[in-house]
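Below is protein.txt, holding compact mmCIF, N, CA and C atoms.
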```txt
# COMPACT_ATOMS: atom_id res chain seq x y z
N MET A 1182 41.08 23.22 7.23
CA MET A 1182 40.37 23.52 6.01
C MET A 1182 38.99 24.08 6.37
N ARG A 1183 38.59 25.09 5.67
CA ARG A 1183 37.31 25.73 5.92
C ARG A 1183 36.44 25.59 4.68
N VAL A 1184 35.21 25.19 4.89
CA VAL A 1184 34.26 25.06 3.79
C VAL A 1184 33.34 26.27 3.81
N SER A 1185 33.30 26.99 2.70
CA SER A 1185 32.43 28.16 2.65
C SER A 1185 31.12 27.78 1.97
N ASN A 1186 30.09 28.51 2.27
CA ASN A 1186 28.75 28.30 1.70
C ASN A 1186 28.19 26.92 2.02
N TRP A 1187 28.53 26.37 3.13
CA TRP A 1187 28.02 25.05 3.55
C TRP A 1187 26.63 25.24 4.14
N ASN A 1188 25.67 24.52 3.60
CA ASN A 1188 24.30 24.61 4.10
C ASN A 1188 23.83 23.18 4.39
N SER A 1189 24.07 22.74 5.60
CA SER A 1189 23.75 21.35 5.95
C SER A 1189 22.25 21.06 5.87
N ASP A 1190 21.41 22.04 6.17
CA ASP A 1190 19.96 21.82 6.10
C ASP A 1190 19.51 21.56 4.66
N LYS A 1191 20.08 22.30 3.72
CA LYS A 1191 19.73 22.12 2.32
C LYS A 1191 20.17 20.74 1.83
N ILE A 1192 21.36 20.33 2.22
CA ILE A 1192 21.88 19.02 1.80
C ILE A 1192 21.05 17.91 2.42
N THR A 1193 20.74 18.03 3.70
CA THR A 1193 19.92 17.01 4.38
C THR A 1193 18.55 16.90 3.74
N SER A 1194 17.93 18.03 3.43
CA SER A 1194 16.59 17.98 2.82
C SER A 1194 16.65 17.37 1.43
N GLU A 1195 17.72 17.61 0.69
CA GLU A 1195 17.87 17.02 -0.65
C GLU A 1195 18.07 15.51 -0.55
N ILE A 1196 18.84 15.06 0.41
CA ILE A 1196 19.04 13.62 0.63
C ILE A 1196 17.72 12.96 1.00
N GLU A 1197 16.96 13.59 1.91
CA GLU A 1197 15.67 13.05 2.32
C GLU A 1197 14.70 13.00 1.14
N LYS A 1198 14.69 14.04 0.31
CA LYS A 1198 13.79 14.07 -0.85
C LYS A 1198 14.11 12.92 -1.80
N ARG A 1199 15.39 12.72 -2.09
CA ARG A 1199 15.77 11.64 -3.00
C ARG A 1199 15.45 10.26 -2.41
N ALA A 1200 15.67 10.11 -1.10
CA ALA A 1200 15.34 8.84 -0.45
C ALA A 1200 13.83 8.59 -0.49
N MET A 1201 13.04 9.63 -0.27
CA MET A 1201 11.58 9.48 -0.32
C MET A 1201 11.11 9.16 -1.74
N ASP A 1202 11.75 9.76 -2.73
CA ASP A 1202 11.40 9.45 -4.13
C ASP A 1202 11.67 7.98 -4.42
N ARG A 1203 12.79 7.48 -3.93
CA ARG A 1203 13.12 6.07 -4.13
C ARG A 1203 12.14 5.17 -3.39
N LEU A 1204 11.78 5.56 -2.17
CA LEU A 1204 10.80 4.79 -1.41
C LEU A 1204 9.46 4.75 -2.12
N GLU A 1205 9.06 5.88 -2.68
CA GLU A 1205 7.79 5.93 -3.40
C GLU A 1205 7.83 5.03 -4.64
N LYS A 1206 8.97 5.02 -5.32
CA LYS A 1206 9.13 4.14 -6.48
C LYS A 1206 9.02 2.68 -6.04
N ALA A 1207 9.62 2.34 -4.90
CA ALA A 1207 9.52 0.97 -4.37
C ALA A 1207 8.08 0.65 -3.99
N GLY A 1208 7.38 1.62 -3.41
CA GLY A 1208 5.97 1.43 -3.07
C GLY A 1208 5.12 1.18 -4.29
N GLU A 1209 5.40 1.89 -5.37
CA GLU A 1209 4.66 1.68 -6.63
C GLU A 1209 4.90 0.28 -7.18
N LEU A 1210 6.12 -0.22 -7.01
CA LEU A 1210 6.44 -1.59 -7.43
C LEU A 1210 5.59 -2.59 -6.66
N VAL A 1211 5.52 -2.42 -5.34
CA VAL A 1211 4.72 -3.32 -4.50
C VAL A 1211 3.24 -3.22 -4.87
N ALA A 1212 2.75 -2.00 -5.07
CA ALA A 1212 1.34 -1.81 -5.42
C ALA A 1212 1.01 -2.47 -6.75
N SER A 1213 1.90 -2.35 -7.74
CA SER A 1213 1.61 -2.97 -9.04
C SER A 1213 1.62 -4.49 -8.93
N LYS A 1214 2.53 -5.04 -8.13
CA LYS A 1214 2.54 -6.49 -7.94
C LYS A 1214 1.31 -6.95 -7.16
N ALA A 1215 0.86 -6.14 -6.20
CA ALA A 1215 -0.35 -6.50 -5.44
C ALA A 1215 -1.57 -6.51 -6.35
N ARG A 1216 -1.64 -5.53 -7.26
CA ARG A 1216 -2.76 -5.51 -8.21
C ARG A 1216 -2.74 -6.74 -9.10
N ALA A 1217 -1.54 -7.15 -9.52
CA ALA A 1217 -1.42 -8.32 -10.39
C ALA A 1217 -1.72 -9.62 -9.64
N ARG A 1218 -1.42 -9.66 -8.34
CA ARG A 1218 -1.60 -10.88 -7.55
C ARG A 1218 -2.98 -10.98 -6.92
N PHE A 1219 -3.79 -9.96 -7.09
CA PHE A 1219 -5.08 -9.95 -6.40
C PHE A 1219 -5.90 -11.18 -6.75
N PRO A 1220 -6.40 -11.89 -5.75
CA PRO A 1220 -7.16 -13.12 -6.01
C PRO A 1220 -8.54 -12.82 -6.58
N LEU A 1221 -8.74 -13.18 -7.82
CA LEU A 1221 -10.05 -13.00 -8.44
C LEU A 1221 -10.85 -14.28 -8.31
N GLY A 1222 -12.11 -14.17 -8.38
CA GLY A 1222 -13.01 -15.31 -8.27
C GLY A 1222 -14.37 -14.80 -7.86
N GLU A 1223 -15.29 -15.69 -7.74
CA GLU A 1223 -16.63 -15.29 -7.34
C GLU A 1223 -16.65 -14.94 -5.86
N PRO A 1224 -17.26 -13.83 -5.50
CA PRO A 1224 -17.36 -13.49 -4.09
C PRO A 1224 -18.28 -14.48 -3.39
N PRO A 1225 -17.97 -14.85 -2.16
CA PRO A 1225 -18.83 -15.78 -1.43
C PRO A 1225 -20.18 -15.17 -1.11
N SER A 1226 -21.17 -15.98 -0.99
CA SER A 1226 -22.50 -15.50 -0.67
C SER A 1226 -22.73 -15.69 0.83
N ILE A 1227 -22.34 -14.71 1.59
CA ILE A 1227 -22.51 -14.76 3.04
C ILE A 1227 -23.71 -13.89 3.40
N PRO A 1228 -24.68 -14.42 4.09
CA PRO A 1228 -25.86 -13.62 4.41
C PRO A 1228 -25.58 -12.57 5.48
N ASN A 1229 -26.28 -11.47 5.35
CA ASN A 1229 -26.25 -10.42 6.36
C ASN A 1229 -26.93 -10.97 7.60
N LYS A 1230 -26.34 -10.76 8.77
CA LYS A 1230 -26.89 -11.33 10.00
C LYS A 1230 -28.27 -10.77 10.34
N LYS A 1231 -28.51 -9.51 10.01
CA LYS A 1231 -29.78 -8.90 10.36
C LYS A 1231 -30.88 -9.22 9.35
N THR A 1232 -30.57 -9.05 8.07
CA THR A 1232 -31.61 -9.20 7.05
C THR A 1232 -31.69 -10.62 6.47
N LYS A 1233 -30.66 -11.41 6.70
CA LYS A 1233 -30.57 -12.78 6.17
C LYS A 1233 -30.44 -12.82 4.65
N LYS A 1234 -30.27 -11.67 4.01
CA LYS A 1234 -30.07 -11.61 2.57
C LYS A 1234 -28.57 -11.55 2.30
N PRO A 1235 -28.13 -12.08 1.16
CA PRO A 1235 -26.70 -12.01 0.86
C PRO A 1235 -26.23 -10.57 0.68
N TRP A 1236 -24.98 -10.32 1.07
CA TRP A 1236 -24.40 -9.01 0.85
C TRP A 1236 -24.30 -8.75 -0.64
N LYS A 1237 -24.51 -7.51 -1.02
CA LYS A 1237 -24.37 -7.14 -2.43
C LYS A 1237 -22.87 -6.90 -2.69
N PRO A 1238 -22.27 -7.72 -3.57
CA PRO A 1238 -20.83 -7.54 -3.80
C PRO A 1238 -20.56 -6.28 -4.63
N MET A 1239 -19.40 -5.68 -4.38
CA MET A 1239 -18.98 -4.54 -5.19
C MET A 1239 -18.42 -5.09 -6.49
N SER A 1240 -18.22 -4.23 -7.44
CA SER A 1240 -17.68 -4.69 -8.72
C SER A 1240 -16.29 -5.26 -8.49
N ARG A 1241 -15.88 -6.19 -9.33
CA ARG A 1241 -14.65 -6.94 -9.14
C ARG A 1241 -13.40 -6.06 -9.11
N GLY A 1242 -13.42 -4.93 -9.80
CA GLY A 1242 -12.21 -4.13 -9.90
C GLY A 1242 -12.08 -3.03 -8.87
N GLU A 1243 -13.09 -2.85 -8.02
CA GLU A 1243 -13.06 -1.74 -7.07
C GLU A 1243 -11.89 -1.85 -6.10
N LEU A 1244 -11.64 -3.04 -5.57
CA LEU A 1244 -10.55 -3.19 -4.63
C LEU A 1244 -9.20 -3.05 -5.32
N ILE A 1245 -9.08 -3.58 -6.51
CA ILE A 1245 -7.82 -3.45 -7.25
C ILE A 1245 -7.53 -1.98 -7.53
N LYS A 1246 -8.55 -1.21 -7.89
CA LYS A 1246 -8.38 0.22 -8.13
C LYS A 1246 -8.01 0.97 -6.86
N SER A 1247 -8.38 0.43 -5.71
CA SER A 1247 -8.13 1.14 -4.45
C SER A 1247 -6.72 0.93 -3.92
N ILE A 1248 -5.94 0.03 -4.53
CA ILE A 1248 -4.56 -0.18 -4.08
C ILE A 1248 -3.74 1.02 -4.52
N ARG A 1249 -3.14 1.70 -3.55
CA ARG A 1249 -2.46 2.96 -3.85
C ARG A 1249 -1.27 3.18 -2.93
N VAL A 1250 -0.38 4.05 -3.36
CA VAL A 1250 0.79 4.43 -2.57
C VAL A 1250 0.53 5.83 -2.02
N VAL A 1251 0.77 5.99 -0.73
CA VAL A 1251 0.52 7.27 -0.08
C VAL A 1251 1.82 7.76 0.55
N ARG A 1252 2.16 8.98 0.23
CA ARG A 1252 3.33 9.65 0.81
C ARG A 1252 2.78 10.71 1.75
N LEU A 1253 2.95 10.50 3.04
CA LEU A 1253 2.37 11.40 4.03
C LEU A 1253 3.18 12.69 4.12
N LYS A 1254 2.50 13.80 4.13
CA LYS A 1254 3.16 15.09 4.24
C LYS A 1254 3.57 15.34 5.69
N ASP A 1255 4.75 15.87 5.86
CA ASP A 1255 5.29 16.22 7.18
C ASP A 1255 5.30 15.04 8.14
N ASP A 1256 5.54 13.85 7.63
CA ASP A 1256 5.62 12.66 8.48
C ASP A 1256 7.02 12.59 9.07
N PRO A 1257 7.15 12.65 10.40
CA PRO A 1257 8.49 12.61 10.99
C PRO A 1257 9.20 11.27 10.76
N LYS A 1258 8.44 10.21 10.51
CA LYS A 1258 9.05 8.90 10.27
C LYS A 1258 9.43 8.69 8.81
N LEU A 1259 9.03 9.61 7.94
CA LEU A 1259 9.32 9.53 6.51
C LEU A 1259 8.87 8.19 5.94
N ASN A 1260 7.60 7.90 6.09
CA ASN A 1260 7.03 6.64 5.61
C ASN A 1260 6.36 6.80 4.26
N ILE A 1261 6.40 5.71 3.50
CA ILE A 1261 5.59 5.54 2.31
C ILE A 1261 4.69 4.36 2.62
N ARG A 1262 3.41 4.48 2.38
CA ARG A 1262 2.48 3.40 2.71
C ARG A 1262 1.75 2.93 1.47
N VAL A 1263 1.52 1.63 1.41
CA VAL A 1263 0.72 1.04 0.34
C VAL A 1263 -0.58 0.61 0.98
N TYR A 1264 -1.68 1.19 0.54
CA TYR A 1264 -2.99 0.89 1.09
C TYR A 1264 -3.84 0.12 0.08
N ALA A 1265 -4.74 -0.67 0.62
CA ALA A 1265 -5.76 -1.33 -0.22
C ALA A 1265 -7.09 -1.13 0.49
N GLY A 1266 -8.11 -0.77 -0.28
CA GLY A 1266 -9.42 -0.54 0.31
C GLY A 1266 -9.57 0.89 0.77
N ASN A 1267 -10.80 1.25 1.10
CA ASN A 1267 -11.08 2.60 1.54
C ASN A 1267 -12.34 2.57 2.38
N ARG A 1268 -12.19 2.67 3.66
CA ARG A 1268 -13.34 2.58 4.56
C ARG A 1268 -14.12 3.89 4.65
N LEU A 1269 -13.48 5.00 4.39
CA LEU A 1269 -14.10 6.29 4.67
C LEU A 1269 -14.94 6.85 3.53
N LYS A 1270 -14.65 6.52 2.30
CA LYS A 1270 -15.32 7.16 1.17
C LYS A 1270 -16.31 6.25 0.47
N GLY A 1271 -16.81 5.24 1.13
CA GLY A 1271 -17.79 4.36 0.52
C GLY A 1271 -17.19 3.36 -0.45
N GLY A 1272 -15.89 3.25 -0.46
CA GLY A 1272 -15.22 2.31 -1.34
C GLY A 1272 -15.16 0.92 -0.71
N PRO A 1273 -14.37 0.04 -1.29
CA PRO A 1273 -14.26 -1.32 -0.76
C PRO A 1273 -13.59 -1.31 0.62
N PHE A 1274 -14.27 -1.89 1.57
CA PHE A 1274 -13.82 -1.88 2.95
C PHE A 1274 -13.23 -3.22 3.36
N TYR A 1275 -13.20 -4.19 2.49
CA TYR A 1275 -12.94 -5.57 2.86
C TYR A 1275 -11.54 -6.06 2.51
N ALA A 1276 -10.61 -5.17 2.21
CA ALA A 1276 -9.26 -5.59 1.83
C ALA A 1276 -8.61 -6.41 2.94
N HIS A 1277 -8.77 -5.97 4.18
CA HIS A 1277 -8.15 -6.71 5.29
C HIS A 1277 -8.77 -8.09 5.45
N MET A 1278 -10.04 -8.25 5.08
CA MET A 1278 -10.69 -9.56 5.18
C MET A 1278 -10.11 -10.53 4.15
N ILE A 1279 -9.78 -10.02 2.98
CA ILE A 1279 -9.18 -10.88 1.96
C ILE A 1279 -7.73 -11.18 2.33
N GLU A 1280 -7.01 -10.18 2.79
CA GLU A 1280 -5.60 -10.36 3.12
C GLU A 1280 -5.40 -11.32 4.29
N TYR A 1281 -6.17 -11.16 5.36
CA TYR A 1281 -5.96 -11.96 6.58
C TYR A 1281 -6.99 -13.06 6.78
N GLY A 1282 -8.09 -13.02 6.04
CA GLY A 1282 -9.15 -14.01 6.21
C GLY A 1282 -10.11 -13.62 7.32
N THR A 1283 -11.19 -14.38 7.42
CA THR A 1283 -12.18 -14.19 8.48
C THR A 1283 -12.49 -15.55 9.08
N VAL A 1284 -13.45 -15.59 9.95
CA VAL A 1284 -13.86 -16.86 10.54
C VAL A 1284 -14.38 -17.80 9.46
N LYS A 1285 -15.06 -17.25 8.47
CA LYS A 1285 -15.67 -18.08 7.43
C LYS A 1285 -14.86 -18.18 6.14
N LEU A 1286 -13.92 -17.27 5.94
CA LEU A 1286 -13.13 -17.25 4.71
C LEU A 1286 -11.66 -17.36 5.02
N GLY A 1287 -10.97 -18.19 4.26
CA GLY A 1287 -9.53 -18.31 4.44
C GLY A 1287 -8.81 -17.08 3.91
N ALA A 1288 -7.62 -16.86 4.42
CA ALA A 1288 -6.81 -15.73 3.97
C ALA A 1288 -6.34 -15.96 2.54
N ARG A 1289 -6.37 -14.88 1.77
CA ARG A 1289 -5.84 -14.88 0.41
C ARG A 1289 -4.94 -13.66 0.27
N PRO A 1290 -3.78 -13.73 0.92
CA PRO A 1290 -2.91 -12.54 0.96
C PRO A 1290 -2.41 -12.14 -0.41
N PHE A 1291 -2.41 -10.84 -0.65
CA PHE A 1291 -1.90 -10.30 -1.90
C PHE A 1291 -0.88 -9.21 -1.65
N LEU A 1292 -1.05 -8.42 -0.59
CA LEU A 1292 -0.08 -7.36 -0.29
C LEU A 1292 1.21 -7.94 0.28
N ARG A 1293 1.10 -8.85 1.24
CA ARG A 1293 2.30 -9.44 1.84
C ARG A 1293 3.12 -10.18 0.81
N HIS A 1294 2.46 -10.94 -0.07
CA HIS A 1294 3.19 -11.66 -1.11
C HIS A 1294 3.85 -10.69 -2.08
N ALA A 1295 3.17 -9.61 -2.38
CA ALA A 1295 3.75 -8.61 -3.28
C ALA A 1295 5.00 -8.00 -2.66
N LEU A 1296 4.95 -7.70 -1.37
CA LEU A 1296 6.12 -7.14 -0.68
C LEU A 1296 7.25 -8.17 -0.63
N ASN A 1297 6.94 -9.39 -0.23
CA ASN A 1297 7.98 -10.41 -0.10
C ASN A 1297 8.64 -10.73 -1.43
N SER A 1298 7.89 -10.73 -2.51
CA SER A 1298 8.47 -11.04 -3.81
C SER A 1298 9.22 -9.86 -4.42
N SER A 1299 9.13 -8.70 -3.79
CA SER A 1299 9.76 -7.48 -4.33
C SER A 1299 11.01 -7.06 -3.56
N LYS A 1300 11.39 -7.80 -2.54
CA LYS A 1300 12.47 -7.32 -1.65
C LYS A 1300 13.79 -7.08 -2.37
N VAL A 1301 14.17 -7.95 -3.29
CA VAL A 1301 15.44 -7.76 -4.02
C VAL A 1301 15.35 -6.51 -4.90
N GLU A 1302 14.21 -6.34 -5.57
CA GLU A 1302 14.04 -5.16 -6.43
C GLU A 1302 13.99 -3.88 -5.60
N ILE A 1303 13.37 -3.93 -4.43
CA ILE A 1303 13.30 -2.77 -3.55
C ILE A 1303 14.70 -2.37 -3.08
N LYS A 1304 15.50 -3.37 -2.72
CA LYS A 1304 16.87 -3.10 -2.29
C LYS A 1304 17.65 -2.44 -3.42
N SER A 1305 17.45 -2.92 -4.63
CA SER A 1305 18.14 -2.33 -5.80
C SER A 1305 17.69 -0.89 -6.02
N ILE A 1306 16.39 -0.64 -5.89
CA ILE A 1306 15.87 0.73 -6.05
C ILE A 1306 16.48 1.66 -5.00
N MET A 1307 16.54 1.19 -3.76
CA MET A 1307 17.06 2.03 -2.69
C MET A 1307 18.55 2.29 -2.83
N GLU A 1308 19.29 1.31 -3.35
CA GLU A 1308 20.74 1.49 -3.51
C GLU A 1308 21.11 2.28 -4.76
N ASN A 1309 20.41 2.02 -5.86
CA ASN A 1309 20.81 2.58 -7.15
C ASN A 1309 19.87 3.63 -7.72
N GLY A 1310 18.73 3.77 -7.11
CA GLY A 1310 17.75 4.74 -7.62
C GLY A 1310 16.96 4.12 -8.68
```
What is this structure when it is put down as structure tokens?
Amino acid sequence: MRVSNWNSDKITSEIEKRAMDRLEKAGELVASKARARFPLGEPPSIPNKKTKKPWKPMSRGELIKSIRVVRLKDDPKLNIRVYAGNRLKGGPFYAHMIEYGTVKLGARPFLRHALNSSKVEIKSIMENG
């Protein structure tokens, strides 16, 4: 049997596009759960080592607003990433400190819990779209 007009590259790229769309949808699910699980409360008053004055806290919603899904262009691994915080643009830089804790502050994970609580839904998204 001979198949005419077979374009394996076109079919492969369409499969990859649909898989990436599903991954992005799963990433959005995790991001929305992370925003909902974000630990709110008063920021601790930790003094700056140099000036001995307390750090000026950012507004309470800045870190929640910074939780985002990123689809990297031309990524050979075809990854979707969920980021929190933004070190480069003057945004909240302390997401990893809240997630993993510091010497003085206990961990208050929000991204890992969001991912772990979404695994069944993510599997459903990947299987059924």
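When only C-alpha atoms are used to measure the gap to Arg1203 in chain A, the shortest distance among A:Ser1298, A:Ser1247, A:Ser1305, A:Ser1185 belongs to A:Ser1305.
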**OP:** Please indicate the distance in Å from atom C of Lys1270 in chain A to atom C of Asp1202 in chain A, rounded to one decimal place.
**Re:** 28.5 Å
Subject >> Contact residues around Pro1220 in chain A with only C-alpha atoms at 10 Å, ignoring same-chain residues under 5 positions, as a PyMOL selection string >> reply: chain A and resi 1215+1245+1279-1280+1289-1291
Around all of range 1268-1283 of chain A's listed atoms, make the axis-aligned box with 3 Å on each side and tell me centre and edge lengths in Å to one decimal, as AutoDock Vina command-line options.
```
--center_x -11.6 --center_y -4.2 --center_z 3.9 --size_x 18.4 --size_y 28.7 --size_z 16.4
```
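If you look at CA of Glu1209 in chain A and CA of Val1250 in chain A, they are 6.2 Å away from each other.
Among A:Ile1248, A:Asp1255, A:Lys1233, A:Ile1303, the residue with the shortest atom-to-atom distance to Lys1206 in chain A, counting all atoms listed in the file, is A:Ile1303.
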Original post:
Within 8 Å of Asn1267 in chain A, counting only N, CA and C atoms, which residues qualify if same-chain residues fewer than 3 places away don't, as a ChimeraX atom specification?
Top reply: /A:1243-1244,1247-1248,1264,1270-1276
Subject >> Straight-line distance linking CA of Gly1242 in chain A with atom C of Lys1285 in chain A, stated in Å to one decimal >> reply: 21.5 Å
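Within range 1233-1307 of chain A, the backbone-based DSSP assignment of strand (DSSP E or B) covers Pro1235, Arg1249, Val1250, Val1251, Arg1252, Ile1261, Arg1262, Val1263 and Tyr1264 of chain A.
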Subject >> Distance criterion (all atoms listed in the file): nearest to Arg1249 in chain A out of A:Met1278, A:Glu1302, A:Ala1212, A:Ala1217 >> reply: A:Ala1212
**OP:** Just the helix (DSSP H, G or I) stuff from chain A, please, per backbone DSSP, written as a VMD selection string.
**Re:** chain A and resid 1189 to 1218 1243 to 1247 1276 to 1281 1292 to 1298 1300 to 1309
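If you measure from each of A:Lys1191, A:Lys1198, A:Lys1214, A:Lys1231 to Asn1297 in chain A using only C-alpha atoms, the closest one turns out to be A:Lys1214.
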Write out all heavy atoms for range 1199-1208 of chain A, as a tab-separated table (two decimals), in the frame of the given file.
```
chain	number	residue	atom	x	y	z
A	1199	ARG	N	15.39	12.72	-2.09
A	1199	ARG	CA	15.77	11.64	-3.00
A	1199	ARG	C	15.45	10.26	-2.41
A	1199	ARG	O	15.01	9.36	-3.13
A	1199	ARG	CB	17.25	11.74	-3.35
A	1199	ARG	CG	17.54	12.91	-4.26
A	1199	ARG	CD	18.98	12.97	-4.66
A	1199	ARG	NE	19.22	14.15	-5.48
A	1199	ARG	CZ	20.38	14.43	-6.02
A	1199	ARG	NH1	21.40	13.62	-5.86
A	1199	ARG	NH2	20.52	15.52	-6.73
A	1200	ALA	N	15.67	10.11	-1.10
A	1200	ALA	CA	15.34	8.84	-0.45
A	1200	ALA	C	13.83	8.59	-0.49
A	1200	ALA	O	13.40	7.46	-0.75
A	1200	ALA	CB	15.84	8.84	0.99
A	1201	MET	N	13.04	9.63	-0.27
A	1201	MET	CA	11.58	9.48	-0.32
A	1201	MET	C	11.11	9.16	-1.74
A	1201	MET	O	10.20	8.37	-1.93
A	1201	MET	CB	10.89	10.74	0.20
A	1201	MET	CG	11.07	10.97	1.69
A	1201	MET	SD	10.39	9.64	2.69
A	1201	MET	CE	8.66	9.93	2.47
A	1202	ASP	N	11.75	9.76	-2.73
A	1202	ASP	CA	11.40	9.45	-4.13
A	1202	ASP	C	11.67	7.98	-4.42
A	1202	ASP	O	10.88	7.31	-5.08
A	1202	ASP	CB	12.16	10.34	-5.11
A	1202	ASP	CG	11.71	11.79	-5.07
A	1202	ASP	OD1	10.62	12.07	-4.53
A	1202	ASP	OD2	12.46	12.66	-5.58
A	1203	ARG	N	12.79	7.48	-3.93
A	1203	ARG	CA	13.12	6.07	-4.13
A	1203	ARG	C	12.14	5.17	-3.39
A	1203	ARG	O	11.71	4.14	-3.91
A	1203	ARG	CB	14.54	5.79	-3.68
A	1203	ARG	CG	15.59	6.38	-4.58
A	1203	ARG	CD	16.98	6.11	-4.09
A	1203	ARG	NE	17.96	6.70	-5.00
A	1203	ARG	CZ	19.25	6.52	-4.88
A	1203	ARG	NH1	19.74	5.79	-3.89
A	1203	ARG	NH2	20.08	7.07	-5.73
A	1204	LEU	N	11.78	5.56	-2.17
A	1204	LEU	CA	10.80	4.79	-1.41
A	1204	LEU	C	9.46	4.75	-2.12
A	1204	LEU	O	8.79	3.71	-2.17
A	1204	LEU	CB	10.60	5.39	-0.01
A	1204	LEU	CG	11.45	4.83	1.11
A	1204	LEU	CD1	11.18	5.61	2.39
A	1204	LEU	CD2	11.21	3.36	1.33
A	1205	GLU	N	9.06	5.88	-2.68
A	1205	GLU	CA	7.79	5.93	-3.40
A	1205	GLU	C	7.83	5.03	-4.64
A	1205	GLU	O	6.87	4.35	-4.96
A	1205	GLU	CB	7.47	7.37	-3.79
A	1205	GLU	CG	6.06	7.54	-4.27
A	1205	GLU	CD	5.64	9.00	-4.33
A	1205	GLU	OE1	6.46	9.91	-4.09
A	1205	GLU	OE2	4.46	9.23	-4.64
A	1206	LYS	N	8.97	5.02	-5.32
A	1206	LYS	CA	9.13	4.14	-6.48
A	1206	LYS	C	9.02	2.68	-6.04
A	1206	LYS	O	8.38	1.86	-6.71
A	1206	LYS	CB	10.49	4.41	-7.14
A	1206	LYS	CG	10.74	3.68	-8.41
A	1206	LYS	CD	12.08	4.11	-9.02
A	1206	LYS	CE	12.40	3.33	-10.26
A	1206	LYS	NZ	13.71	3.70	-10.82
A	1207	ALA	N	9.62	2.34	-4.90
A	1207	ALA	CA	9.52	0.97	-4.37
A	1207	ALA	C	8.08	0.65	-3.99
A	1207	ALA	O	7.60	-0.46	-4.22
A	1207	ALA	CB	10.45	0.82	-3.17
A	1208	GLY	N	7.38	1.62	-3.41
A	1208	GLY	CA	5.97	1.43	-3.07
A	1208	GLY	C	5.12	1.18	-4.29
A	1208	GLY	O	4.21	0.34	-4.27
```
